[in-house]
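Right, one structure below, let's go through it.
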Amino acid sequence: MIYPYKGKEPLIDPTAFIGEHVVITGDVTIGEGSSIFYNTVIRGDVSPTIIGKKVNIQDLCCLHQSPAFPLIIEDDASIGHQATLHSCHIKKGALIGMASIILDGAVIGEGAFIGAGSLVTQGTVIPPNTLAFGRPAKVVRELNASDKEDMARIQREYYEKGQYYKSLQK
């Protein structure tokens with residue numbers, strides 16, 4: 001279900017997959033090849049939400065913003081099931097684990113991995129290529145080659161799944 005909000009229409013690239021029971025409202029931009037999986041809510045009724053290319057937002061996520069704080073998700077990011085993102089900046093290739101919460105002004109560095117169930121508090125900056133987890137999330141180590149391969153696999157598989165499901169919608 002895609003709705004305008006006060007004159008702002010979601011802008012969704014035609015190659016993006018939008019699953020059933022997804023709600024997208026207002027000032028939301030979704031880039032080429034991105035996938036928004038089932039029962040996700042993206043409300044752009046406060047500030048903009050900008051989702052880059054080949055981003056996967058998995059089932060049951062909630063994305064929103066605060067005034068004057070956009071939500072930005074750069075290319076190739078993976079957002080795990082049931083994650084809540086609020087006015088944060090997720091850099092290219094980062095992975096947000098299932099059921100994590102990322103709050104206003106937080107910045108997740110390029111290629112960083114936030115472990116499942118983590119809470120990244122307001123204004124926290126997670127450096128690139130690190131693993132952070134906990135409540136509140138703390139950096140525990142640099143990512144190794146195996147971590148990076150697994151993150152690339154997840155991103156690739158979700159891109160492929162999204163494109164497959166997109167092909168069924170035609």
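Following the order of the structure tokens, first chain is A, next is B, and so on, with residues numbered from 1 inside each chain and ligands from 1 in the order they appear.
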
What lies within 6 Å of range 28-35 of chain A using only C-alpha atoms, ignoring chain neighbours under 3 positions off, as a list in words?
Pro10, Leu11, Ile12, Asp13, Thr15, Ala16, Phe17, Gly44, Pro48, Thr49, Ile50, Ile51, Gly52, Lys53, Lys54, Val55, Asn56 and Gly162 of chain A

Chain A: residues DSSP assigns to helix (DSSP H, G or I), reported as a ChimeraX atom specification
/A:145-168

Show which residues sit within 10 Å of Lys148 in chain A, as a PDB file with C-alpha atoms, in the first residue's frame. Count only C-alpha atoms, and ignore same-chain residues fewer than 2 positions away.
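Written output follows (result-v1.pdb):
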ATOM      1  CA  GLY A  93      27.287  -2.341   2.484  1.00  0.00           C
ATOM      2  CA  ALA A  94      26.439  -2.295   6.197  1.00  0.00           C
ATOM      3  CA  GLY A 111      30.595  -2.348   5.710  1.00  0.00           C
ATOM      4  CA  ALA A 112      29.864  -2.455   9.455  1.00  0.00           C
ATOM      5  CA  PHE A 113      27.876  -5.307  11.000  1.00  0.00           C
ATOM      6  CA  ASN A 129      34.219  -2.671   8.862  1.00  0.00           C
ATOM      7  CA  LEU A 143      35.464  -7.722  10.664  1.00  0.00           C
ATOM      8  CA  ASN A 144      37.468 -10.581   9.194  1.00  0.00           C
ATOM      9  CA  ALA A 145      37.375 -12.010   5.666  1.00  0.00           C
ATOM     10  CA  SER A 146      34.808 -14.640   6.647  1.00  0.00           C
ATOM     11  CA  ASP A 150      28.996 -13.814   4.713  1.00  0.00           C
ATOM     12  CA  MET A 151      27.682 -10.239   4.517  1.00  0.00           C
ATOM     13  CA  ALA A 152      28.247 -10.187   0.742  1.00  0.00           C
ATOM     14  CA  ARG A 153      26.435 -13.523   0.429  1.00  0.00           C
ATOM     15  CA  ILE A 154      23.436 -12.229   2.390  1.00  0.00           C
TER      16      ILE A 154
END

Just checking: using only C-alpha atoms, which residue out of A:Phe37, A:Phe69, A:Phe133, A:Tyr165 ends up closest to Leu103 in chain A?
A:Phe69

Strand (DSSP E or B) per DSSP on the backbone: members of chain A, as a VMD selection string
chain A and resid 2 to 3 5 8 11 to 12 17 to 18 23 to 30 35 to 36 41 to 51 56 to 57 62 to 64 66 69 71 to 73 78 to 79 84 to 86 89 to 90 95 to 96 101 to 102 107 to 108 113 to 114 119 to 120 125 to 126 130 to 134 137 to 142

Using only C-alpha atoms, pick whichever of A:Gln65, A:Ser87, A:Gln155, A:Ser167 has the shortest atom-to-atom distance to Gly123 in chain A.
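Between A:Gln65, A:Ser87, A:Gln155, A:Ser167, the residue approaching Gly123 in chain A most closely is A:Ser87.
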
With only C-alpha atoms as the basis for distance, which of A:Leu71, A:Val125, A:Ile57, A:Leu119 is at the shortest distance from Asn39 in chain A?
A:Ile57

Closest of A:Asp27, A:Pro127, A:Asp45, A:Ile102 to Cys61 in chain A - atom-to-atom distances counting only C-alpha atoms:
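Of the candidates, the smallest distance to Cys61 in chain A is held by A:Ile102.
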
What is the CA of Val46 in chain A-CA of Cys62 in chain A distance in Å, reported with one decimal?
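Straight-line distance from CA of Val46 in chain A to CA of Cys62 in chain A works out to 14.1 Å.
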
Taking 2 positions as the minimum chain separation for residues in the same chain, which residues sit within 8 Å of Val120 in chain A when counting only C-alpha atoms? Answer as a PDB file with C-alpha atoms, in the first residue's frame.
ATOM      1  CA  SER A 100      18.060  -4.321  16.091  1.00  0.00           C
ATOM      2  CA  ILE A 101      17.098  -0.717  16.825  1.00  0.00           C
ATOM      3  CA  ILE A 102      19.110   2.167  15.370  1.00  0.00           C
ATOM      4  CA  LEU A 103      18.153   5.582  16.773  1.00  0.00           C
ATOM      5  CA  ALA A 106      23.405   7.198  14.682  1.00  0.00           C
ATOM      6  CA  SER A 118      21.370  -4.656  19.268  1.00  0.00           C
ATOM      7  CA  GLN A 122      21.149   8.245  19.598  1.00  0.00           C
ATOM      8  CA  THR A 124      26.410   6.749  18.190  1.00  0.00           C
ATOM      9  CA  ARG A 135      22.309  -3.015  24.387  1.00  0.00           C
ATOM     10  CA  PRO A 136      23.766  -0.482  24.017  1.00  0.00           C
ATOM     11  CA  ALA A 137      25.837  -1.644  21.044  1.00  0.00           C
TER      12      ALA A 137
END

For Ile126 in chain A: contacts at 8 Å, only C-alpha atoms, fewer than 3 positions along chain excluded, given as a list in words
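Here the qualifying residues turn out to be Ala106, Val107, Ile108, Gly109, Ala112, Thr130, Ala132 and Val139 of chain A.
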
Taken to one decimal, the CA of Gly105 in chain A-CA of Gln58 in chain A distance is 22.0 Å
